[in-house]
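Notes follow once the structure below has been shown.
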Amino acid sequence: MPKPVLLFGYGNLSRGDDALGPLLLEHVESHCSLDSIEILSDFQLQIEHALDLENRRLVLFVDASVAGTEAFDFTVLEPARDKSYTTHAMSPAAVLEVYQSIKKQMPPPCFLLSIKGDKFELGEGLSANAETNLAEACLFAERLLDNPDLDFWLKQARLHDSLLRADLNQSEAGVWKEAATS
Amino acid sequence: MYEHLETAENRDSLKRVVVDPVSRVEGHGKVTLLLDEDNKVQQARLHIVEFRGFERFIQGRPYWELPVLVQRLCGICPVSHHLAAAKAIDQLVGIDPAHLPVSADKLRRLLHFGQVMQSHALHFFHLSSPDLLFGFESDISKRSIVAVLGEYPDIGVQGVKLRKYGQEVIRMVSGKRVHGTGAIPGGMNKSLSKAERDYLLEDIDQMIDWAAGSVALIKKVHCSNLPYYDEFATIRSNYLGLTKADGALELYHGGIRAKNAHGETIMDHIDYCEYNNYIHEEVRSWTYMKFPYLLSLGQEQGWYRVGPLARVNNCDYIDTPLAEAARVEFKAHSNEAMVHSTLAFHWARLIEVLHCAESIKQLLNDPDIMGHNLVAQGEKRYEGVGVIEAPRGTLFHHYQVDENDIVTKANLIVSTTSNNMAMNESVRQVAAEYLSGRELTEPLLNNLEVAIRAYDPCLSCATHAVGKMPLQLELVDADGKLIDKLVKHSDGQIERENA
């Protein structure tokens, strides 16, 4: 049986701030108890990662992002299909959609912690801004993982993304809660 | 051909339409169309803002770091870069391919079959949502595909599991799911244990069945509307790739073969270490990507296609029975010596999935993969070339090192670069055939994406980008004024922003 919480960080250590996701995982490995947490890392998301969501209670994707103005953002994910012309890019929402498509059921509750980055050149190290953002995101991730509870994570998501997620309806939350406790 | 559409004569008086997927980093593609007053396409170009810094990334590093380092060049094909680098580095340690230990050679082949299989399986999965692969401008093509797909209700699941199986092959051979270190200078790091071998054997027959089913599916899809699939974005090109000495399909190691559009041999059994004598790269001012061409034919006529379509076209046969039968059917469906349909890339790709699955089974039943003679040693050299057939086509790694084992020069030709001219040609064909004189709509511009997607270009090498890739369409008049703008969001919603 897999561990109930999956922490999935993705990015490329050799592409500057794209390393933010894997670097947060390194922090968690050295600062958090991993009794109930499985850590997975890859360059980028792909369809077979949907299989890694099976039998989880909570899933946290960690990624670098150029969007937003804050050091990091924390949002609830919903299944959504990518309509890209390339197989070289896949969003976490699309991984959830793959799960829903092949399993014929809702994925477990999934969240995205996106850390703001600036520079993504091949061979570059982490930028100064990204280092600061990573430190803040690490503290936040520690809080989440110390409280692996759907309600707590939903509350945090609302706080961090209040405009976008303020209208999260209760029935949707109820489906997730049911999935999380089943 | 449509070379006349690469550069218009009266560019300043033309309206500009930009198809620009917005990604957060380098690695996005952009199609630029210049239209005249009658909305006729006067210029069409595909810009791929990509492939900067590969050589700089490698130079200055000790050569023994490269098999691990180059995996970071591409998140989809890390094993292909790993093996191409390893083949080049074999030469740096004085080991030619013929002197690689038998077990090491077979383990590398097993690793590579797993890599090609998992990469191609992504397309099998995408067949379950055919608009991703083929797009739908006409209801007729949509109806025919949906009808075919109705016979294959589980293809989505099969695609995911085929890909997962390929990843498991990689994990077993290299020891890790990602960032493994299977190949080392002169050989392999580990062999397969009996338990690992047996684990992979458990599911291989199922994988072969699903792969065979995928070929049957794509054949039905393709033949459901032959005029569309055989003509859409189709160009007549040269083809290049590796083959075995007897002309069989080869993915790991062989000589370079090139054929022209009529199926006539341009060159054959060329030692890839001499690639510089046969292939040159042209630089054009409007794009970062180079344009490789066959020296013997020159810049205008010497461009070529690589990848599944080139390989299946070029080879004389495939040495696994089910894939060979599929190849014969594939070739027979065309009335020409070579299959030129750009959408036939998808069909050829799935024939290769079947070949990979059959080959994996053969290798798993070969005791050499559990052998312990894994590394050969030789005299140091200062130059090495490694070439491999990556999922998207021929991949070249060329290194020079100094007396301190530091890489002083590196040259990489990745398959998307080799297909650069061909993708531009397909874009021009689509632009000329489908867009000229018509009002711009999202379905029309979607045809451009369908043409590009057939090549499955490597656009975001190892940066996963934002994933959503919305599409922006801008219409700008001759004075540079934005007169119309369409935004296609990742959920398919279209938003028009009138200037």
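Lettering and numbering for the structure tokens are positional, with chains as A, B, ... in the shown order, residues counted from 1 in each chain, and ligands counted from 1 in the shown order.
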
- Residues of chain A within 10 Å of chain B, counting only C-alpha atoms, as a PyMOL selection string: chain A and resi 10-16+18-19+41-51+63-67+80-94+98-99+101-103+118-124

Hey, can you spit out that residue selection with C-alpha atoms as a PDB file, in the first residue's frame?
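Result saved to result.pdb:
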```
ATOM      1  CA  TYR A  10       9.226  18.266 -10.900  1.00  0.00           C
ATOM      2  CA  GLY A  11      11.798  20.303 -12.758  1.00  0.00           C
ATOM      3  CA  ASN A  12      15.329  20.192 -14.078  1.00  0.00           C
ATOM      4  CA  LEU A  13      18.241  20.796 -11.712  1.00  0.00           C
ATOM      5  CA  SER A  14      20.336  22.075 -14.602  1.00  0.00           C
ATOM      6  CA  ARG A  15      17.931  24.737 -15.762  1.00  0.00           C
ATOM      7  CA  GLY A  16      18.217  27.512 -13.216  1.00  0.00           C
ATOM      8  CA  ASP A  18      13.369  25.151 -12.888  1.00  0.00           C
ATOM      9  CA  ALA A  19      15.086  23.263 -10.050  1.00  0.00           C
ATOM     10  CA  SER A  41      10.665  13.612  -8.574  1.00  0.00           C
ATOM     11  CA  ASP A  42      10.940  13.822 -12.339  1.00  0.00           C
ATOM     12  CA  PHE A  43      11.956  16.272 -15.039  1.00  0.00           C
ATOM     13  CA  GLN A  44       8.399  16.890 -16.065  1.00  0.00           C
ATOM     14  CA  LEU A  45       4.962  15.429 -15.726  1.00  0.00           C
ATOM     15  CA  GLN A  46       3.825  12.615 -17.959  1.00  0.00           C
ATOM     16  CA  ILE A  47       0.757  10.463 -18.381  1.00  0.00           C
ATOM     17  CA  GLU A  48       2.046   7.509 -16.361  1.00  0.00           C
ATOM     18  CA  HIS A  49       2.342   9.741 -13.306  1.00  0.00           C
ATOM     19  CA  ALA A  50      -1.421   9.362 -13.044  1.00  0.00           C
ATOM     20  CA  LEU A  51      -0.723   5.870 -11.729  1.00  0.00           C
ATOM     21  CA  ASP A  63       6.694  23.278  -9.444  1.00  0.00           C
ATOM     22  CA  ALA A  64       8.521  26.425 -10.463  1.00  0.00           C
ATOM     23  CA  SER A  65       6.400  29.137 -12.036  1.00  0.00           C
ATOM     24  CA  VAL A  66       6.781  32.492 -13.721  1.00  0.00           C
ATOM     25  CA  ALA A  67       3.191  33.413 -12.996  1.00  0.00           C
ATOM     26  CA  ALA A  80      -8.390  19.505 -17.039  1.00  0.00           C
ATOM     27  CA  ARG A  81      -7.124  18.267 -20.364  1.00  0.00           C
ATOM     28  CA  ASP A  82      -4.152  19.940 -21.996  1.00  0.00           C
ATOM     29  CA  LYS A  83      -4.613  20.984 -25.584  1.00  0.00           C
ATOM     30  CA  SER A  84      -0.986  21.350 -26.472  1.00  0.00           C
ATOM     31  CA  TYR A  85       0.731  20.667 -29.785  1.00  0.00           C
ATOM     32  CA  THR A  86       3.645  19.005 -28.032  1.00  0.00           C
ATOM     33  CA  THR A  87       3.990  16.001 -25.767  1.00  0.00           C
ATOM     34  CA  HIS A  88       6.855  17.792 -24.045  1.00  0.00           C
ATOM     35  CA  ALA A  89       4.713  19.642 -21.601  1.00  0.00           C
ATOM     36  CA  MET A  90       1.970  18.463 -19.323  1.00  0.00           C
ATOM     37  CA  SER A  91       0.198  20.289 -16.539  1.00  0.00           C
ATOM     38  CA  PRO A  92      -0.638  18.681 -13.173  1.00  0.00           C
ATOM     39  CA  ALA A  93      -4.319  19.240 -13.949  1.00  0.00           C
ATOM     40  CA  ALA A  94      -3.851  17.098 -17.066  1.00  0.00           C
ATOM     41  CA  VAL A  98      -5.607  11.165 -17.199  1.00  0.00           C
ATOM     42  CA  TYR A  99      -6.313   9.560 -13.820  1.00  0.00           C
ATOM     43  CA  SER A 101     -10.021   9.013 -17.710  1.00  0.00           C
ATOM     44  CA  ILE A 102      -8.354   5.676 -17.019  1.00  0.00           C
ATOM     45  CA  LYS A 103      -9.702   5.013 -13.526  1.00  0.00           C
ATOM     46  CA  ASP A 118      12.867  34.080 -12.938  1.00  0.00           C
ATOM     47  CA  LYS A 119      15.657  32.423 -14.906  1.00  0.00           C
ATOM     48  CA  PHE A 120      15.504  29.067 -16.653  1.00  0.00           C
ATOM     49  CA  GLU A 121      18.652  28.920 -18.784  1.00  0.00           C
ATOM     50  CA  LEU A 122      20.451  25.627 -19.293  1.00  0.00           C
ATOM     51  CA  GLY A 123      23.469  25.371 -17.004  1.00  0.00           C
ATOM     52  CA  GLU A 124      22.425  28.215 -14.704  1.00  0.00           C
TER      53      GLU A 124
END
```

- Backbone-only DSSP, helix (DSSP H, G or I) members of chain A, as a PyMOL selection string: chain A and resi 16-31+47-53+92-103+128-146+150-160+162-165+170-181

- Message: Restricting the calculation to only C-alpha atoms: of B:Glu274, B:Glu37, B:Glu425, B:Asp246, which residue gets closest to Thr234 of chain B?
- Response: B:Glu425

- Shell of 12 Å around Trp153 of chain A, only C-alpha atoms, local chain residues under 4 positions omitted, as a VMD selection string: chain A and resid 57 to 60 74 to 77 109 to 113 140 to 141 143 to 149 157 to 161 173 176 to 177

With N, CA and C atoms retained, could you export that selection as an mmCIF file, in the first residue's frame?
```cif
data_model
loop_
_atom_site.group_PDB
_atom_site.id
_atom_site.type_symbol
_atom_site.label_atom_id
_atom_site.label_comp_id
_atom_site.auth_asym_id
_atom_site.auth_seq_id
_atom_site.Cartn_x
_atom_site.Cartn_y
_atom_site.Cartn_z
ATOM 1 N N ARG A 57 -4.159 9.804 -0.113
ATOM 2 C CA ARG A 57 -5.133 10.611 0.617
ATOM 3 C C ARG A 57 -4.979 12.084 0.254
ATOM 4 N N LEU A 58 -3.743 12.494 0.046
ATOM 5 C CA LEU A 58 -3.446 13.865 -0.367
ATOM 6 C C LEU A 58 -2.241 13.847 -1.298
ATOM 7 N N VAL A 59 -2.281 14.719 -2.288
ATOM 8 C CA VAL A 59 -1.156 14.821 -3.226
ATOM 9 C C VAL A 59 -0.750 16.284 -3.338
ATOM 10 N N LEU A 60 0.544 16.522 -3.239
ATOM 11 C CA LEU A 60 1.065 17.880 -3.398
ATOM 12 C C LEU A 60 2.083 17.897 -4.535
ATOM 13 N N PHE A 74 -0.392 28.568 -3.696
ATOM 14 C CA PHE A 74 -0.875 27.250 -3.292
ATOM 15 C C PHE A 74 -2.320 27.128 -3.722
ATOM 16 N N THR A 75 -2.594 26.199 -4.617
ATOM 17 C CA THR A 75 -3.929 26.121 -5.204
ATOM 18 C C THR A 75 -4.436 24.688 -5.218
ATOM 19 N N VAL A 76 -5.746 24.587 -5.280
ATOM 20 C CA VAL A 76 -6.395 23.289 -5.465
ATOM 21 C C VAL A 76 -6.378 22.951 -6.949
ATOM 22 N N LEU A 77 -6.126 21.691 -7.259
ATOM 23 C CA LEU A 77 -6.106 21.277 -8.659
ATOM 24 C C LEU A 77 -7.396 20.548 -9.016
ATOM 25 N N PRO A 109 -7.561 14.196 -3.609
ATOM 26 C CA PRO A 109 -7.375 15.654 -3.524
ATOM 27 C C PRO A 109 -5.926 16.023 -3.855
ATOM 28 N N CYS A 110 -5.780 16.889 -4.840
ATOM 29 C CA CYS A 110 -4.440 17.270 -5.308
ATOM 30 C C CYS A 110 -4.278 18.784 -5.221
ATOM 31 N N PHE A 111 -3.099 19.209 -4.858
ATOM 32 C CA PHE A 111 -2.791 20.628 -4.688
ATOM 33 C C PHE A 111 -1.484 20.938 -5.414
ATOM 34 N N LEU A 112 -1.357 22.198 -5.780
ATOM 35 C CA LEU A 112 -0.133 22.635 -6.458
ATOM 36 C C LEU A 112 0.521 23.749 -5.654
ATOM 37 N N LEU A 113 1.778 23.523 -5.299
ATOM 38 C CA LEU A 113 2.592 24.566 -4.684
ATOM 39 C C LEU A 113 3.543 25.058 -5.764
ATOM 40 N N PHE A 140 6.417 26.839 4.340
ATOM 41 C CA PHE A 140 4.995 26.574 4.116
ATOM 42 C C PHE A 140 4.753 25.082 3.902
ATOM 43 N N ALA A 141 5.605 24.445 3.114
ATOM 44 C CA ALA A 141 5.439 23.015 2.847
ATOM 45 C C ALA A 141 5.560 22.207 4.137
ATOM 46 N N ARG A 143 4.656 23.153 7.062
ATOM 47 C CA ARG A 143 3.369 23.280 7.771
ATOM 48 C C ARG A 143 2.321 22.354 7.171
ATOM 49 N N LEU A 144 2.271 22.320 5.856
ATOM 50 C CA LEU A 144 1.293 21.443 5.198
ATOM 51 C C LEU A 144 1.531 19.985 5.573
ATOM 52 N N LEU A 145 2.769 19.578 5.498
ATOM 53 C CA LEU A 145 3.071 18.159 5.708
ATOM 54 C C LEU A 145 2.962 17.770 7.183
ATOM 55 N N ASP A 146 3.091 18.764 8.053
ATOM 56 C CA ASP A 146 2.848 18.500 9.481
ATOM 57 C C ASP A 146 1.356 18.369 9.776
ATOM 58 N N ASN A 147 0.528 18.853 8.854
ATOM 59 C CA ASN A 147 -0.931 18.803 9.016
ATOM 60 C C ASN A 147 -1.561 18.167 7.767
ATOM 61 N N PRO A 148 -1.354 16.890 7.553
ATOM 62 C CA PRO A 148 -1.871 16.241 6.332
ATOM 63 C C PRO A 148 -3.373 16.013 6.410
ATOM 64 N N ASP A 149 -4.082 17.105 6.441
ATOM 65 C CA ASP A 149 -5.524 17.073 6.616
ATOM 66 C C ASP A 149 -6.171 17.890 5.493
ATOM 67 N N ALA A 157 -5.298 26.823 0.851
ATOM 68 C CA ALA A 157 -5.459 27.166 -0.564
ATOM 69 C C ALA A 157 -6.352 28.383 -0.715
ATOM 70 N N ARG A 158 -7.404 28.435 0.088
ATOM 71 C CA ARG A 158 -8.295 29.594 0.011
ATOM 72 C C ARG A 158 -7.561 30.860 0.430
ATOM 73 N N LEU A 159 -6.790 30.732 1.479
ATOM 74 C CA LEU A 159 -6.056 31.898 1.949
ATOM 75 C C LEU A 159 -5.079 32.402 0.884
ATOM 76 N N HIS A 160 -4.436 31.460 0.213
ATOM 77 C CA HIS A 160 -3.406 31.859 -0.750
ATOM 78 C C HIS A 160 -3.956 32.185 -2.120
ATOM 79 N N ASP A 161 -5.142 31.773 -2.356
ATOM 80 C CA ASP A 161 -5.680 31.999 -3.694
ATOM 81 C C ASP A 161 -7.132 32.422 -3.575
ATOM 82 N N ALA A 173 -15.917 20.033 -2.501
ATOM 83 C CA ALA A 173 -15.084 19.703 -1.352
ATOM 84 C C ALA A 173 -15.546 18.398 -0.714
ATOM 85 N N TRP A 176 -14.170 15.389 -2.521
ATOM 86 C CA TRP A 176 -12.765 15.163 -2.183
ATOM 87 C C TRP A 176 -12.616 14.574 -0.784
ATOM 88 N N LYS A 177 -13.435 15.121 0.101
ATOM 89 C CA LYS A 177 -13.332 14.653 1.477
ATOM 90 C C LYS A 177 -13.677 13.170 1.539
#
```
